[in-house]
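Peer 1: The structure's right below; bear with me while I get my questions together.
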Amino acid sequence: MPHNGQLTSQKRFSQIGFSRLIRLEWLERTANLVLAGNDESSIYDALQRFLDNKLYGGKNVKGGSMEKTIAILRKVWVRPPIDLICLRDDGLEILSHIPREEHVIIHWGMTMAAYPFWSAVAMHIGRQLRLQGTTSVGQVQRRISEQYGERGAVSLAVQKIFLSLADWGLLRRTANRGIYVPGLSFAINDIRVIAWLVEAFLHVHQGGPLMLDTILNSPSLFPFLINPVSAGQLVKASERLDAFSVGIGQDFLVIGKAN
């Protein structure tokens, strides 16, 4: 019988969850609070004080918006689903060793693992950017509604993810409302970062198995230019990845090693 934590963890694959603009600065602050060794209660209080000024200009207005924002930040970095704890711990360790401008890679990976809905939206954005060089909020809303249903919450969440990606610098607004073009892109050459991002991707797909080429070239990782690597290199760089082949050039990866 699955553990309660596993049941809770599984629910994220059908939930939306990501319903607020989440600025990169806020994720960075949350990760730093965890890295500094603060307990959950202290982190919650610190985020309340921090966001009170950001959301309400220090007017101390209380409401559901702050609570939902904090809930998203906590799920990513403070109390992730049980199967993501090792990924979170390694992500924090990587954050402490890579340049600040590259932190967006780790925040992206942890966000998509905690919120598969985020990854689904990113997949459609990436596909549109490849096909036409632009992406449309309306087009993505229609595609996502086919997966998650025609709900107002779905359209709103898609819009919030676009706004978040613009804040992160990964999309840029155009003069046409709801139309975006690519923003910053990041070359990833560090094998440990690549292995960690591959593991995060596999978590979106409930552990794999997935072909290595499918992962490295996924439209849902559109802001990142990942250096070609072999399955063997990734397995060597990660304590939790495993690989197998079913033919020449058909290497599959799976989360399979003992933690």
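Residue numbering restarts at 1 for every chain of the structure tokens, chains are lettered A, B, ... in their displayed order, and ligands are numbered from 1 as they appear.
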Please identify all polymer residues within 7 Å of stretch 132-147 of chain A, counting only C-alpha atoms, omitting same-chain residues fewer than 5 positions from it, and present them as a ChimeraX atom specification.

Peer 2: /A:121,124-125,154-155,158-159,178-181

Peer 1: Hey, which of A:Gln48, A:Thr174, A:Thr111, A:Gln128 ends up closest to A:Leu27? Count only C-alpha atoms.

Peer 2: A:Thr111

Peer 1: Hey, which of A:His203, A:Arg151, A:Arg172, A:Lys160 ends up closest to A:Leu129? Count only C-alpha atoms.

Peer 2: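 Between A:His203, A:Arg151, A:Arg172, A:Lys160, the residue approaching A:Leu129 most closely is A:Arg172.
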
Peer 1: Please, what distance in Å, to one decimal, runs between atom CA of A:Pro99 and atom CA of A:Ser41?

Peer 2: 28.8 Å

Peer 1: What are the closest atom pairs, with distances in Å to one decimal, for each residue of stretch 110-193 of chain A lying within 10 Å of stretch 62-86 of chain A, using only C-alpha atoms, rows by chain and rising residue number, as a tab-separated table?

Peer 2:
residue	atom	partner	partner_atom	distance
A:Met110	CA	A:Val76	CA	6.1
A:Thr111	CA	A:Val76	CA	5.7
A:Met112	CA	A:Val76	CA	8.9
A:Ala113	CA	A:Leu84	CA	7.6
A:Ala114	CA	A:Val76	CA	5.8
A:Tyr115	CA	A:Val76	CA	8.3

Peer 1: Need the shell around A:Pro116: protein/DNA/RNA residues with any atom at most 10 Å away, counting only C-alpha atoms. Skip same-chain ones fewer than 5 positions apart. Format as JSON, numbers by chain?

Peer 2: {"A": [12, 13, 14, 15, 16, 17, 18, 111, 121, 122, 201, 203, 204, 205, 206]}

Peer 1: If you keep C-alpha atoms, can you produce a file of those selected residues as a compact mmCIF listing (two decimals), in the first residue's frame?

Peer 2:
# COMPACT_ATOMS: atom_id res chain seq x y z
CA ARG A 12 0.42 16.72 -8.37
CA PHE A 13 0.34 15.06 -11.78
CA SER A 14 -3.33 15.93 -12.26
CA GLN A 15 -3.43 19.22 -10.36
CA ILE A 16 -2.82 22.76 -11.59
CA GLY A 17 -1.48 24.30 -8.41
CA PHE A 18 0.61 27.04 -10.02
CA THR A 111 9.48 24.16 -10.22
CA VAL A 121 2.68 24.72 -20.31
CA ALA A 122 6.40 25.02 -21.05
CA PHE A 201 12.57 16.11 -16.00
CA HIS A 203 10.18 13.29 -12.09
CA VAL A 204 7.68 15.18 -14.27
CA HIS A 205 7.13 11.89 -16.10
CA GLN A 206 6.88 9.81 -12.91

Peer 1: Report as JSON lines: every residue of stretch 71-128 of chain A with an atom at most 9 Å from stretch 194-199 of chain A, its closest pair of atoms, and their distance in Å to one decimal, counting only C-alpha atoms, with rows sorted by chain and ascending residue number.

Peer 2:
{"residue": "A:Leu87", "atom": "CA", "partner": "A:Trp196", "partner_atom": "CA", "distance": 7.4}
{"residue": "A:Asp90", "atom": "CA", "partner": "A:Trp196", "partner_atom": "CA", "distance": 7.8}
{"residue": "A:Gly91", "atom": "CA", "partner": "A:Trp196", "partner_atom": "CA", "distance": 7.4}
{"residue": "A:Ile105", "atom": "CA", "partner": "A:Leu197", "partner_atom": "CA", "distance": 8.0}
{"residue": "A:Ile106", "atom": "CA", "partner": "A:Leu197", "partner_atom": "CA", "distance": 7.4}
{"residue": "A:Trp108", "atom": "CA", "partner": "A:Leu197", "partner_atom": "CA", "distance": 8.8}
{"residue": "A:Gly109", "atom": "CA", "partner": "A:Leu197", "partner_atom": "CA", "distance": 5.7}
{"residue": "A:Met110", "atom": "CA", "partner": "A:Leu197", "partner_atom": "CA", "distance": 8.5}
{"residue": "A:Ala113", "atom": "CA", "partner": "A:Glu199", "partner_atom": "CA", "distance": 8.9}

Peer 1: Check which residues of stretch 72-171 of chain A sit at most 10 Å from stretch 184-190 of chain A using only C-alpha atoms, and return one row each with the closest pair of atoms and their distance in Å to one decimal, ordered by chain and rising number, as JSON lines.

Peer 2:
{"residue": "A:Ile98", "atom": "CA", "partner": "A:Asp190", "partner_atom": "CA", "distance": 9.6}
{"residue": "A:Glu101", "atom": "CA", "partner": "A:Phe186", "partner_atom": "CA", "distance": 9.4}
{"residue": "A:Glu102", "atom": "CA", "partner": "A:Phe186", "partner_atom": "CA", "distance": 7.6}
{"residue": "A:Val104", "atom": "CA", "partner": "A:Phe186", "partner_atom": "CA", "distance": 9.1}
{"residue": "A:Ile105", "atom": "CA", "partner": "A:Phe186", "partner_atom": "CA", "distance": 8.0}
{"residue": "A:Ala166", "atom": "CA", "partner": "A:Leu184", "partner_atom": "CA", "distance": 9.8}
{"residue": "A:Trp168", "atom": "CA", "partner": "A:Leu184", "partner_atom": "CA", "distance": 8.7}
{"residue": "A:Gly169", "atom": "CA", "partner": "A:Leu184", "partner_atom": "CA", "distance": 5.8}
{"residue": "A:Leu170", "atom": "CA", "partner": "A:Leu184", "partner_atom": "CA", "distance": 4.9}
{"residue": "A:Leu171", "atom": "CA", "partner": "A:Leu184", "partner_atom": "CA", "distance": 7.2}

Peer 1: I need the alpha helix (DSSP H) residues of stretch 5-190 of chain A per DSSP on the backbone, written as a ChimeraX atom specification.

Peer 2: /A:5-11,24-35,40-56,64-73,85-95,103-114,116-132,137-148,152-167

Peer 1: For the atom pair atom CA of A:Met123 and atom CA of A:Ile226, what is the interatomic distance in Å to one decimal place?

Peer 2: 16.1 Å
